[in-house]
$ cat query-v7.txt   # compact mmCIF, C-alpha atoms and all ligand atoms
# COMPACT_ATOMS: atom_id res chain seq x y z
CA MET A 761 -54.32 -25.31 4.81
CA ALA A 762 -57.56 -27.30 4.73
CA PRO A 763 -58.29 -29.17 1.50
CA LEU A 764 -60.79 -27.56 -0.88
CA LEU A 765 -62.48 -30.92 -1.37
CA SER A 766 -62.37 -33.82 1.02
CA VAL A 767 -63.90 -37.23 0.30
CA GLU A 768 -63.82 -39.57 3.26
CA ALA A 769 -64.54 -43.28 2.79
CA ALA A 770 -67.32 -42.64 0.27
CA THR A 771 -69.22 -45.75 -0.79
CA LYS A 772 -71.86 -45.83 -3.54
CA ARG A 773 -73.82 -48.97 -4.41
CA PHE A 774 -76.10 -49.76 -7.32
CA GLY A 775 -77.94 -52.81 -6.05
CA GLY A 776 -75.20 -55.34 -5.42
CA LEU A 777 -72.59 -53.42 -7.42
CA LEU A 778 -70.05 -51.34 -5.50
CA ALA A 779 -69.34 -48.44 -7.86
CA ASN A 780 -67.30 -46.57 -5.22
CA LYS A 781 -65.86 -48.45 -2.26
CA GLU A 782 -64.62 -46.42 0.70
CA ILE A 783 -62.91 -43.86 -1.51
CA SER A 784 -60.94 -41.17 0.29
CA LEU A 785 -59.20 -38.31 -1.43
CA ALA A 786 -58.43 -34.66 -0.92
CA ILE A 787 -57.97 -31.88 -3.46
CA GLU A 788 -55.94 -28.88 -2.34
CA PRO A 789 -56.65 -25.34 -3.55
CA GLY A 790 -54.74 -24.66 -6.77
CA GLU A 791 -54.20 -28.27 -7.76
CA ILE A 792 -54.88 -29.97 -11.08
CA VAL A 793 -55.72 -33.57 -10.16
CA GLY A 794 -56.06 -36.31 -12.77
CA LEU A 795 -58.61 -39.04 -12.02
CA ILE A 796 -57.97 -42.15 -14.10
CA GLY A 797 -58.92 -45.82 -14.27
CA PRO A 798 -60.45 -48.39 -16.60
CA ASN A 799 -64.04 -48.23 -17.87
CA GLY A 800 -66.46 -48.83 -15.01
CA ALA A 801 -63.85 -47.90 -12.37
CA GLY A 802 -66.27 -45.45 -10.73
CA LYS A 803 -64.88 -42.09 -11.91
CA THR A 804 -68.17 -40.60 -13.11
CA THR A 805 -70.00 -42.00 -10.07
CA LEU A 806 -67.53 -40.17 -7.84
CA PHE A 807 -68.15 -36.91 -9.77
CA ASN A 808 -71.91 -37.54 -9.40
CA CYS A 809 -71.52 -37.94 -5.64
CA ILE A 810 -69.33 -34.83 -5.28
CA THR A 811 -71.79 -32.68 -7.26
CA GLY A 812 -74.90 -33.98 -5.49
CA TYR A 813 -76.47 -35.76 -8.47
CA MET A 814 -76.13 -38.85 -6.32
CA HIS A 815 -75.37 -39.24 -2.66
CA PRO A 816 -72.95 -41.76 -1.23
CA ASP A 817 -74.50 -44.56 0.84
CA GLU A 818 -71.70 -44.21 3.36
CA GLY A 819 -68.87 -41.79 4.01
CA ARG A 820 -68.62 -38.03 3.93
CA ILE A 821 -67.84 -35.33 1.36
CA ALA A 822 -66.87 -31.79 2.36
CA PHE A 823 -66.21 -28.72 0.22
CA ASP A 824 -64.27 -25.87 1.76
CA GLY A 825 -65.00 -27.31 5.19
CA ALA A 826 -68.78 -27.59 4.66
CA ASP A 827 -70.42 -31.02 4.67
CA ILE A 828 -72.06 -31.58 1.27
CA THR A 829 -72.68 -35.33 1.54
CA HIS A 830 -76.44 -34.97 1.20
CA THR A 831 -76.63 -31.50 -0.33
CA ARG A 832 -78.60 -30.79 -3.52
CA PRO A 833 -76.71 -30.15 -6.80
CA GLU A 834 -77.78 -26.51 -7.21
CA ARG A 835 -76.65 -25.71 -3.68
CA ILE A 836 -73.28 -27.41 -4.30
CA CYS A 837 -72.95 -25.38 -7.51
CA GLY A 838 -73.70 -22.27 -5.46
CA LEU A 839 -70.90 -23.18 -3.06
CA GLY A 840 -68.48 -23.21 -6.01
CA VAL A 841 -68.33 -26.67 -7.61
CA ALA A 842 -69.06 -27.00 -11.34
CA ARG A 843 -68.76 -29.93 -13.72
CA THR A 844 -69.03 -31.03 -17.31
CA TRP A 845 -70.58 -34.25 -18.54
CA GLN A 846 -68.94 -37.27 -20.16
CA VAL A 847 -71.76 -37.28 -22.73
CA VAL A 848 -72.28 -33.58 -23.51
CA ARG A 849 -75.44 -32.05 -22.12
CA ALA A 850 -75.64 -28.70 -23.88
CA PHE A 851 -79.16 -27.34 -24.40
CA GLY A 852 -79.32 -28.19 -28.11
CA ARG A 853 -81.98 -25.77 -29.34
CA MET A 854 -80.59 -22.82 -27.43
CA THR A 855 -77.76 -20.69 -28.80
CA ALA A 856 -74.26 -20.97 -27.40
CA LEU A 857 -74.79 -17.61 -25.70
CA ASP A 858 -78.04 -18.68 -24.03
CA ASN A 859 -76.44 -21.91 -22.80
CA VAL A 860 -73.75 -19.92 -21.01
CA ILE A 861 -76.25 -17.34 -19.74
CA CYS A 862 -77.94 -20.26 -17.91
CA GLY A 863 -74.71 -20.78 -15.98
CA ALA A 864 -74.22 -17.06 -15.34
CA LEU A 865 -77.72 -16.71 -13.88
CA GLU A 866 -76.46 -18.80 -10.96
CA ARG A 867 -74.65 -15.65 -9.74
CA THR A 868 -76.97 -12.81 -10.79
CA ASN A 869 -80.63 -12.14 -11.48
CA ARG A 870 -79.74 -9.38 -13.95
CA VAL A 871 -79.99 -10.76 -17.48
CA ALA A 872 -77.80 -8.02 -18.98
CA GLU A 873 -75.04 -8.83 -16.50
CA ALA A 874 -75.40 -12.57 -17.19
CA ARG A 875 -75.27 -11.90 -20.93
CA ALA A 876 -72.08 -9.84 -20.61
CA ARG A 877 -70.45 -12.51 -18.47
CA ALA A 878 -71.52 -15.22 -20.95
CA ALA A 879 -70.12 -13.25 -23.89
CA ASP A 880 -66.79 -12.86 -22.06
CA LEU A 881 -66.64 -16.59 -21.43
CA LEU A 882 -67.46 -17.44 -25.05
CA ASP A 883 -64.46 -15.28 -25.98
CA PHE A 884 -62.32 -16.94 -23.29
CA THR A 885 -63.21 -20.40 -24.64
CA GLU A 886 -62.70 -19.21 -28.24
CA LEU A 887 -66.35 -19.69 -29.13
CA GLY A 888 -67.02 -16.03 -29.85
CA ALA A 889 -67.72 -16.76 -33.52
CA ARG A 890 -70.33 -19.33 -32.47
CA THR A 891 -72.28 -17.01 -30.14
CA HIS A 892 -75.60 -17.23 -31.99
CA VAL A 893 -75.32 -20.81 -33.25
CA ALA A 894 -77.68 -23.41 -31.73
CA ALA A 895 -75.67 -25.76 -29.52
CA ALA A 896 -76.92 -28.80 -31.45
CA ASN A 897 -75.16 -27.45 -34.56
CA LEU A 898 -71.72 -27.15 -32.95
CA THR A 899 -68.93 -29.68 -33.49
CA LEU A 900 -68.24 -32.08 -30.61
CA ALA A 901 -65.11 -30.11 -29.70
CA ASP A 902 -67.11 -26.88 -29.57
CA LYS A 903 -69.93 -28.52 -27.57
CA LYS A 904 -67.35 -29.61 -25.00
CA ARG A 905 -65.95 -26.06 -24.87
CA LEU A 906 -69.47 -24.74 -24.48
CA GLU A 907 -70.07 -26.97 -21.47
CA ILE A 908 -66.85 -25.67 -19.96
CA ALA A 909 -67.95 -22.07 -20.61
CA ARG A 910 -71.35 -22.77 -19.00
CA ALA A 911 -69.64 -24.35 -16.00
CA LEU A 912 -67.23 -21.40 -15.67
CA ALA A 913 -70.16 -18.97 -15.81
CA THR A 914 -71.22 -20.27 -12.37
CA ARG A 915 -67.87 -18.98 -11.03
CA PRO A 916 -66.59 -22.28 -9.64
CA ARG A 917 -63.64 -22.67 -7.33
CA LEU A 918 -63.49 -26.37 -8.23
CA LEU A 919 -64.15 -27.57 -11.79
CA LEU A 920 -64.69 -31.27 -12.51
CA LEU A 921 -64.08 -32.22 -16.15
CA ASP A 922 -65.43 -35.66 -17.14
CA GLU A 923 -63.61 -36.70 -20.33
CA ALA A 924 -63.60 -33.18 -21.79
CA MET A 925 -61.21 -34.40 -24.50
CA SER A 926 -62.62 -37.78 -25.48
CA GLY A 927 -63.52 -38.09 -29.15
CA LEU A 928 -61.45 -35.04 -30.13
CA THR A 929 -58.78 -34.94 -32.85
CA PRO A 930 -55.16 -34.50 -31.71
CA ARG A 931 -55.30 -30.82 -32.69
CA GLU A 932 -58.57 -30.27 -30.80
CA THR A 933 -57.15 -32.15 -27.82
CA ALA A 934 -54.08 -29.90 -27.73
CA ALA A 935 -56.33 -26.84 -27.81
CA ALA A 936 -58.46 -28.28 -24.99
CA VAL A 937 -55.34 -28.87 -22.88
CA GLN A 938 -54.37 -25.23 -23.44
CA LEU A 939 -57.83 -24.16 -22.33
CA VAL A 940 -57.59 -26.20 -19.12
CA ARG A 941 -54.21 -24.62 -18.38
CA ARG A 942 -55.64 -21.13 -18.94
CA ILE A 943 -58.61 -21.86 -16.65
CA HIS A 944 -56.12 -22.87 -13.97
CA GLU A 945 -53.62 -20.06 -14.48
CA GLU A 946 -55.77 -17.10 -15.50
CA LEU A 947 -58.96 -17.83 -13.56
CA GLY A 948 -57.29 -19.56 -10.60
CA VAL A 949 -59.71 -22.49 -10.64
CA THR A 950 -58.80 -25.80 -8.98
CA ILE A 951 -59.43 -28.65 -11.43
CA CYS A 952 -60.04 -32.40 -11.40
CA VAL A 953 -59.89 -34.08 -14.83
CA VAL A 954 -61.11 -37.53 -15.77
CA GLU A 955 -59.31 -38.53 -18.95
CA HIS A 956 -58.19 -41.72 -20.67
CA VAL A 957 -55.45 -40.17 -22.82
CA MET A 958 -52.32 -40.58 -20.68
CA GLU A 959 -50.30 -38.21 -22.88
CA VAL A 960 -52.83 -35.57 -21.77
CA VAL A 961 -53.33 -36.46 -18.10
CA MET A 962 -49.75 -37.00 -17.02
CA PRO A 963 -48.21 -33.68 -18.14
CA LEU A 964 -51.31 -31.70 -17.11
CA SER A 965 -51.82 -33.10 -13.59
CA HIS A 966 -49.92 -32.18 -10.45
CA ARG A 967 -51.25 -35.38 -8.89
CA VAL A 968 -53.02 -38.46 -10.22
CA VAL A 969 -55.62 -40.60 -8.44
CA VAL A 970 -56.29 -44.08 -9.85
CA LEU A 971 -59.54 -46.02 -9.40
CA ASP A 972 -60.08 -49.64 -10.35
CA GLY A 973 -63.28 -51.58 -9.73
CA GLY A 974 -64.60 -48.86 -7.42
CA VAL A 975 -61.46 -48.84 -5.28
CA LYS A 976 -58.71 -46.22 -5.09
CA ILE A 977 -55.51 -48.08 -5.94
CA ALA A 978 -53.03 -45.21 -6.18
CA ASP A 979 -52.65 -41.49 -5.46
CA GLY A 980 -49.44 -39.65 -6.23
CA ARG A 981 -47.26 -37.65 -8.57
CA PRO A 982 -47.59 -38.58 -12.28
CA HIS A 983 -43.90 -39.56 -12.29
CA ASP A 984 -44.59 -42.19 -9.61
CA ILE A 985 -48.00 -43.30 -10.91
CA VAL A 986 -46.63 -44.39 -14.30
CA ARG A 987 -44.16 -46.66 -12.46
CA ASP A 988 -46.68 -48.08 -9.97
CA GLU A 989 -46.95 -51.86 -10.49
CA LEU A 990 -50.59 -52.01 -9.39
CA VAL A 991 -51.56 -49.20 -11.79
CA ILE A 992 -49.63 -50.77 -14.66
CA SER A 993 -51.30 -54.15 -14.20
CA ALA A 994 -54.80 -52.68 -13.67
CA TYR A 995 -54.80 -49.99 -16.33
CA LEU A 996 -51.67 -48.67 -17.98
CA GLY A 997 -50.34 -52.05 -19.11
CA ALA A 998 -53.63 -52.95 -20.78
CA ARG A 999 -53.71 -49.57 -22.52
CA ARG A 1000 -50.16 -49.96 -23.80
CA ALA A 1001 -50.95 -53.46 -25.08
CA ALA A 1002 -54.10 -52.12 -26.80
CA ARG A 1003 -52.08 -49.52 -28.71
N1 LIG A 1101 -76.98 -44.97 -12.45
C1 LIG A 1101 -76.42 -46.18 -12.41
N2 LIG A 1101 -77.15 -47.28 -12.14
C2 LIG A 1101 -76.58 -48.50 -12.08
N3 LIG A 1101 -75.27 -48.73 -12.26
C3 LIG A 1101 -74.49 -47.67 -12.53
C4 LIG A 1101 -75.02 -46.35 -12.63
N4 LIG A 1101 -74.00 -45.49 -12.90
C5 LIG A 1101 -72.90 -46.25 -12.99
N5 LIG A 1101 -73.18 -47.55 -12.76
C6 LIG A 1101 -72.22 -48.66 -12.72
O1 LIG A 1101 -71.21 -48.30 -11.78
C7 LIG A 1101 -69.92 -48.68 -12.25
C8 LIG A 1101 -69.04 -47.45 -12.33
O2 LIG A 1101 -69.52 -46.65 -13.40
P1 LIG A 1101 -68.91 -45.22 -13.73
O3 LIG A 1101 -69.73 -44.65 -14.82
O4 LIG A 1101 -68.77 -44.45 -12.49
O5 LIG A 1101 -67.46 -45.61 -14.29
P2 LIG A 1101 -66.37 -44.74 -15.02
O6 LIG A 1101 -65.09 -44.94 -14.30
O7 LIG A 1101 -66.85 -43.35 -15.19
O8 LIG A 1101 -66.27 -45.47 -16.45
P3 LIG A 1101 -66.02 -44.88 -17.93
O9 LIG A 1101 -64.53 -44.72 -18.07
O10 LIG A 1101 -66.54 -45.97 -18.82
O11 LIG A 1101 -66.80 -43.62 -18.05
C9 LIG A 1101 -70.15 -49.38 -13.58
O12 LIG A 1101 -70.19 -50.76 -13.37
C10 LIG A 1101 -71.48 -48.84 -14.05
O13 LIG A 1101 -72.14 -49.76 -14.88
MG MG A 1102 -67.27 -42.15 -16.77
$ encode --input "query-v7.txt" --output "structure tokens"
Amino acid sequence: MAPLLSVEAATKRFGGLLANKEISLAIEPGEIVGLIGPNGAGKTTLFNCITGYMHPDEGRIAFDGADITHTRPERICGLGVARTWQVVRAFGRMTALDNVICGALERTNRVAEARARAADLLDFTELGARTHVAAANLTLADKKRLEIARALATRPRLLLLDEAMSGLTPRETAAAVQLVRRIHEELGVTICVVEHVMEVVMPLSHRVVVLDGGVKIADGRPHDIVRDELVISAYLGARRAAR
């Protein structure tokens, strides 16, 4: 089976800085892949390149066999890739419902249909009680759920979550993990999660990809990644020492 997403030797520079250096990875349909690495490793840049907000300087990115290396973000969304943002980007003055309707309008021009789909997704993400609240007035945890609902409204086949759990309490984090599992199991969406909390990433992910300084340094099962000497010295060891 062909991979759903294929990144081949993608390089992204900002002036002299190599944010992504010849990164290659594949995501298979049905996987949950964890993408980890220290601050500045290039995780968000890679998401930006996959979703068309930026384009790699070199290399190739394909989704479901189609080359998307230089494709525009809205077209990539239309093909079935959705994302959330590390720093939440909900439309603050719009209600939760209207935020999700924006996503749903990717798939239909009928407002009533988009509204019904958005209401279903607010229920699915347990935001039903917040339907008519302005996004700016939601808690951080609810804003992050709202972004997920808006992303799901575009009917993605691949969902990229950029630190969807950072800044959440342990209870909120556990609920967010449950939500990610339900998106995978009930909606059948393939997922890539960027997350710094190892207690979250390792049990959730089928496979973990590790970036450090723009370079992919490991790619494997969580069980093997936590024992990988390079990963421990670049990332996990420092995190353990910090705790
Ligand atoms: N738009 C930009 N312009 C210039 N430099 C950038 C830009 N975006 C990212 N960078 C730089 O590229 C490198 C990788 O950044 P990136 O945000 O991809 O890292 P990250 O792995 O997501 O880190 P974090 O865990 O802190 O979110 C960093 O050195 C960052 O400063
Ligand atoms: Mg980031």
$ residues_around --input "query-v7.txt" --residues "region 872-885 of chain A" --least-positions-apart "6" --cutoff "6 Å" --atoms "only C-alpha atoms" --output "ChimeraX atom specification"
/A:860-861,864-865,909
$ residues_around --input "query-v7.txt" --residues "region 922-939 of chain A" --least-positions-apart "4" --cutoff "6 Å" --atoms "all atoms listed in the file" --output "list in words"
Thr844, Trp845, Gln846, Val954 and Glu955 of chain A
$ write_last_selection --input "query-v7.txt" --atoms "C-alpha atoms" --output "mmCIF file, keeping the file's coordinate frame"
data_model
loop_
_atom_site.group_PDB
_atom_site.id
_atom_site.type_symbol
_atom_site.label_atom_id
_atom_site.label_comp_id
_atom_site.auth_asym_id
_atom_site.auth_seq_id
_atom_site.Cartn_x
_atom_site.Cartn_y
_atom_site.Cartn_z
ATOM 1 C CA THR A 844 -69.030 -31.030 -17.310
ATOM 2 C CA TRP A 845 -70.580 -34.250 -18.540
ATOM 3 C CA GLN A 846 -68.940 -37.270 -20.160
ATOM 4 C CA VAL A 954 -61.110 -37.530 -15.770
ATOM 5 C CA GLU A 955 -59.310 -38.530 -18.950
#
$ closest_residue --input "query-v7.txt" --among "A:Gly790, A:Gly825, A:Pro982, A:Gly775" --to "Val970 (chain A)" --atoms "all atoms listed in the file"
A:Pro982
$ residues_near_ligand --input "query-v7.txt" --ligand "ligand MG 1102 (chain A)" --cutoff "10 Å" --atoms "only C-alpha atoms and all ligand atoms" --output "list in words"
Ile796, Gly797, Pro798, Asn799, Gly800, Ala801, Gly802, Lys803, Thr804, Thr805, Leu806, Phe807, Asn808, Trp845, Gln846, Val847, Asp922, Glu923, Val954, Glu955 and His956 of chain A
$ atom_distance --input "query-v7.txt" --atom1 "CA of Arg905 (chain A)" --atom2 "CA of Ser965 (chain A)"
19.4 Å
$ residues_around --input "query-v7.txt" --residues "Gly838 (chain A)" --least-positions-apart "6" --cutoff "8 Å" --atoms "all atoms listed in the file" --output "PyMOL selection string"
chain A and resi 866-867+914
$ atom_distance --input "query-v7.txt" --atom1 "CA of Ala894 (chain A)" --atom2 "CA of Arg942 (chain A)"
25.6 Å
$ axis_aligned_box --input "query-v7.txt" --around "ligand LIG 1101 (chain A)" --padding-each-side "5 Å" --output "lines of an AutoDock Vina configuration file"
center_x = -70.8
center_y = -47.1
center_z = -15.3
size_x = 22.6
size_y = 17.4
size_z = 17.0
$ atom_distance --input "query-v7.txt" --atom1 "CA of Asn780 (chain A)" --atom2 "CA of Val975 (chain A)"
6.3 Å
$ residues_around --input "query-v7.txt" --residues "Lys903 (chain A)" --least-positions-apart "3" --cutoff "10 Å" --atoms "all atoms listed in the file" --output "mmCIF file with C-alpha atoms, keeping the file's coordinate frame"
data_model
loop_
_atom_site.group_PDB
_atom_site.id
_atom_site.type_symbol
_atom_site.label_atom_id
_atom_site.label_comp_id
_atom_site.auth_asym_id
_atom_site.auth_seq_id
_atom_site.Cartn_x
_atom_site.Cartn_y
_atom_site.Cartn_z
ATOM 1 C CA VAL A 848 -72.280 -33.580 -23.510
ATOM 2 C CA ARG A 849 -75.440 -32.050 -22.120
ATOM 3 C CA ALA A 850 -75.640 -28.700 -23.880
ATOM 4 C CA PHE A 851 -79.160 -27.340 -24.400
ATOM 5 C CA GLY A 852 -79.320 -28.190 -28.110
ATOM 6 C CA ALA A 856 -74.260 -20.970 -27.400
ATOM 7 C CA LEU A 887 -66.350 -19.690 -29.130
ATOM 8 C CA ALA A 895 -75.670 -25.760 -29.520
ATOM 9 C CA ALA A 896 -76.920 -28.800 -31.450
ATOM 10 C CA ASN A 897 -75.160 -27.450 -34.560
ATOM 11 C CA LEU A 898 -71.720 -27.150 -32.950
ATOM 12 C CA THR A 899 -68.930 -29.680 -33.490
ATOM 13 C CA LEU A 900 -68.240 -32.080 -30.610
ATOM 14 C CA LEU A 906 -69.470 -24.740 -24.480
ATOM 15 C CA GLU A 907 -70.070 -26.970 -21.470
ATOM 16 C CA ILE A 908 -66.850 -25.670 -19.960
ATOM 17 C CA ALA A 909 -67.950 -22.070 -20.610
ATOM 18 C CA ALA A 924 -63.600 -33.180 -21.790
#
$ closest_residue --input "query-v7.txt" --among "A:Thr811, A:Ser993, A:Thr831, A:Thr868" --to "Leu919 (chain A)" --atoms "only C-alpha atoms"
A:Thr811
$ closest_residue --input "query-v7.txt" --among "A:Gly776, A:Gly888, A:Gly840, A:Gly980" --to "ligand LIG 1101 (chain A)" --atoms "all atoms listed in the file"
A:Gly776
$ closest_residue --input "query-v7.txt" --among "A:Ile787, A:Leu839, A:Ile992, A:Leu921" --to "ligand LIG 1101 (chain A)" --atoms "all atoms listed in the file"
A:Leu921
$ closest_residue --input "query-v7.txt" --among "A:Leu996, A:Ala889, A:Ile943, A:Leu971" --to "ligand LIG 1101 (chain A)" --atoms "all atoms listed in the file"
A:Leu971
$ closest_residue --input "query-v7.txt" --among "A:Gly863, A:Gly794, A:Gly948, A:Pro816" --to "Val969 (chain A)" --atoms "all atoms listed in the file"
A:Gly794
$ residues_around --input "query-v7.txt" --residues "Gly819 (chain A)" --least-positions-apart "6" --cutoff "10 Å" --atoms "all atoms listed in the file" --output "PyMOL selection string"
chain A and resi 767-772+781-784+829
$ decode --input "query-v7.txt" --residues "region 946-956 of chain A" --atoms "all heavy atoms" --output "compact mmCIF listing (two decimals), in the first residue's frame"
# COMPACT_ATOMS: atom_id res chain seq x y z
N GLU A 946 -13.05 6.30 15.67
CA GLU A 946 -14.43 6.47 15.22
C GLU A 946 -14.52 7.16 13.86
O GLU A 946 -15.42 6.88 13.07
CB GLU A 946 -15.25 7.25 16.26
CG GLU A 946 -15.37 6.49 17.58
CD GLU A 946 -16.07 7.30 18.66
OE1 GLU A 946 -16.89 8.18 18.33
OE2 GLU A 946 -15.76 7.04 19.85
N LEU A 947 -13.58 8.07 13.59
CA LEU A 947 -13.64 8.79 12.31
C LEU A 947 -12.64 8.22 11.30
O LEU A 947 -12.65 8.60 10.13
CB LEU A 947 -13.38 10.29 12.52
CG LEU A 947 -14.29 11.01 13.53
CD1 LEU A 947 -13.95 12.49 13.60
CD2 LEU A 947 -15.77 10.83 13.18
N GLY A 948 -11.74 7.35 11.76
CA GLY A 948 -10.80 6.70 10.85
C GLY A 948 -9.77 7.64 10.25
O GLY A 948 -9.29 7.42 9.14
N VAL A 949 -9.42 8.69 11.01
CA VAL A 949 -8.47 9.68 10.50
C VAL A 949 -7.04 9.27 10.88
O VAL A 949 -6.80 8.85 12.02
CB VAL A 949 -8.80 11.08 11.08
CG1 VAL A 949 -7.79 12.12 10.60
CG2 VAL A 949 -10.22 11.50 10.69
N THR A 950 -6.13 9.40 9.95
CA THR A 950 -4.70 9.19 10.20
C THR A 950 -4.16 10.46 10.88
O THR A 950 -4.57 11.57 10.52
CB THR A 950 -3.97 8.94 8.86
OG1 THR A 950 -4.59 7.82 8.22
CG2 THR A 950 -2.49 8.67 9.06
N ILE A 951 -3.28 10.29 11.87
CA ILE A 951 -2.93 11.44 12.71
C ILE A 951 -1.42 11.53 12.91
O ILE A 951 -0.74 10.52 13.08
CB ILE A 951 -3.63 11.32 14.09
CG1 ILE A 951 -5.16 11.33 13.90
CG2 ILE A 951 -3.21 12.46 15.03
CD1 ILE A 951 -5.95 11.03 15.16
N CYS A 952 -0.91 12.76 12.87
CA CYS A 952 0.48 13.01 13.27
C CYS A 952 0.44 14.05 14.39
O CYS A 952 -0.12 15.13 14.22
CB CYS A 952 1.31 13.52 12.09
SG CYS A 952 3.04 13.83 12.51
N VAL A 953 1.01 13.71 15.55
CA VAL A 953 0.97 14.61 16.70
C VAL A 953 2.36 15.09 17.07
O VAL A 953 3.28 14.30 17.24
CB VAL A 953 0.36 13.95 17.97
CG1 VAL A 953 -1.12 13.80 17.85
CG2 VAL A 953 1.00 12.62 18.30
N VAL A 954 2.49 16.41 17.18
CA VAL A 954 3.69 17.00 17.79
C VAL A 954 3.37 17.23 19.25
O VAL A 954 2.35 17.85 19.57
CB VAL A 954 4.04 18.36 17.12
CG1 VAL A 954 5.06 19.12 17.96
CG2 VAL A 954 4.57 18.14 15.72
N GLU A 955 4.18 16.70 20.13
CA GLU A 955 3.89 16.86 21.56
C GLU A 955 5.17 16.69 22.37
O GLU A 955 6.03 15.88 22.02
CB GLU A 955 2.87 15.77 21.98
CG GLU A 955 2.07 16.11 23.20
CD GLU A 955 1.33 17.43 23.06
OE1 GLU A 955 0.52 17.59 22.14
OE2 GLU A 955 1.61 18.32 23.87
N HIS A 956 5.30 17.49 23.43
CA HIS A 956 6.49 17.38 24.27
C HIS A 956 6.29 16.45 25.47
O HIS A 956 7.26 16.05 26.10
CB HIS A 956 6.91 18.76 24.78
CG HIS A 956 7.59 19.61 23.75
ND1 HIS A 956 8.86 19.32 23.26
CD2 HIS A 956 7.21 20.72 23.10
CE1 HIS A 956 9.20 20.24 22.37
NE2 HIS A 956 8.21 21.10 22.24
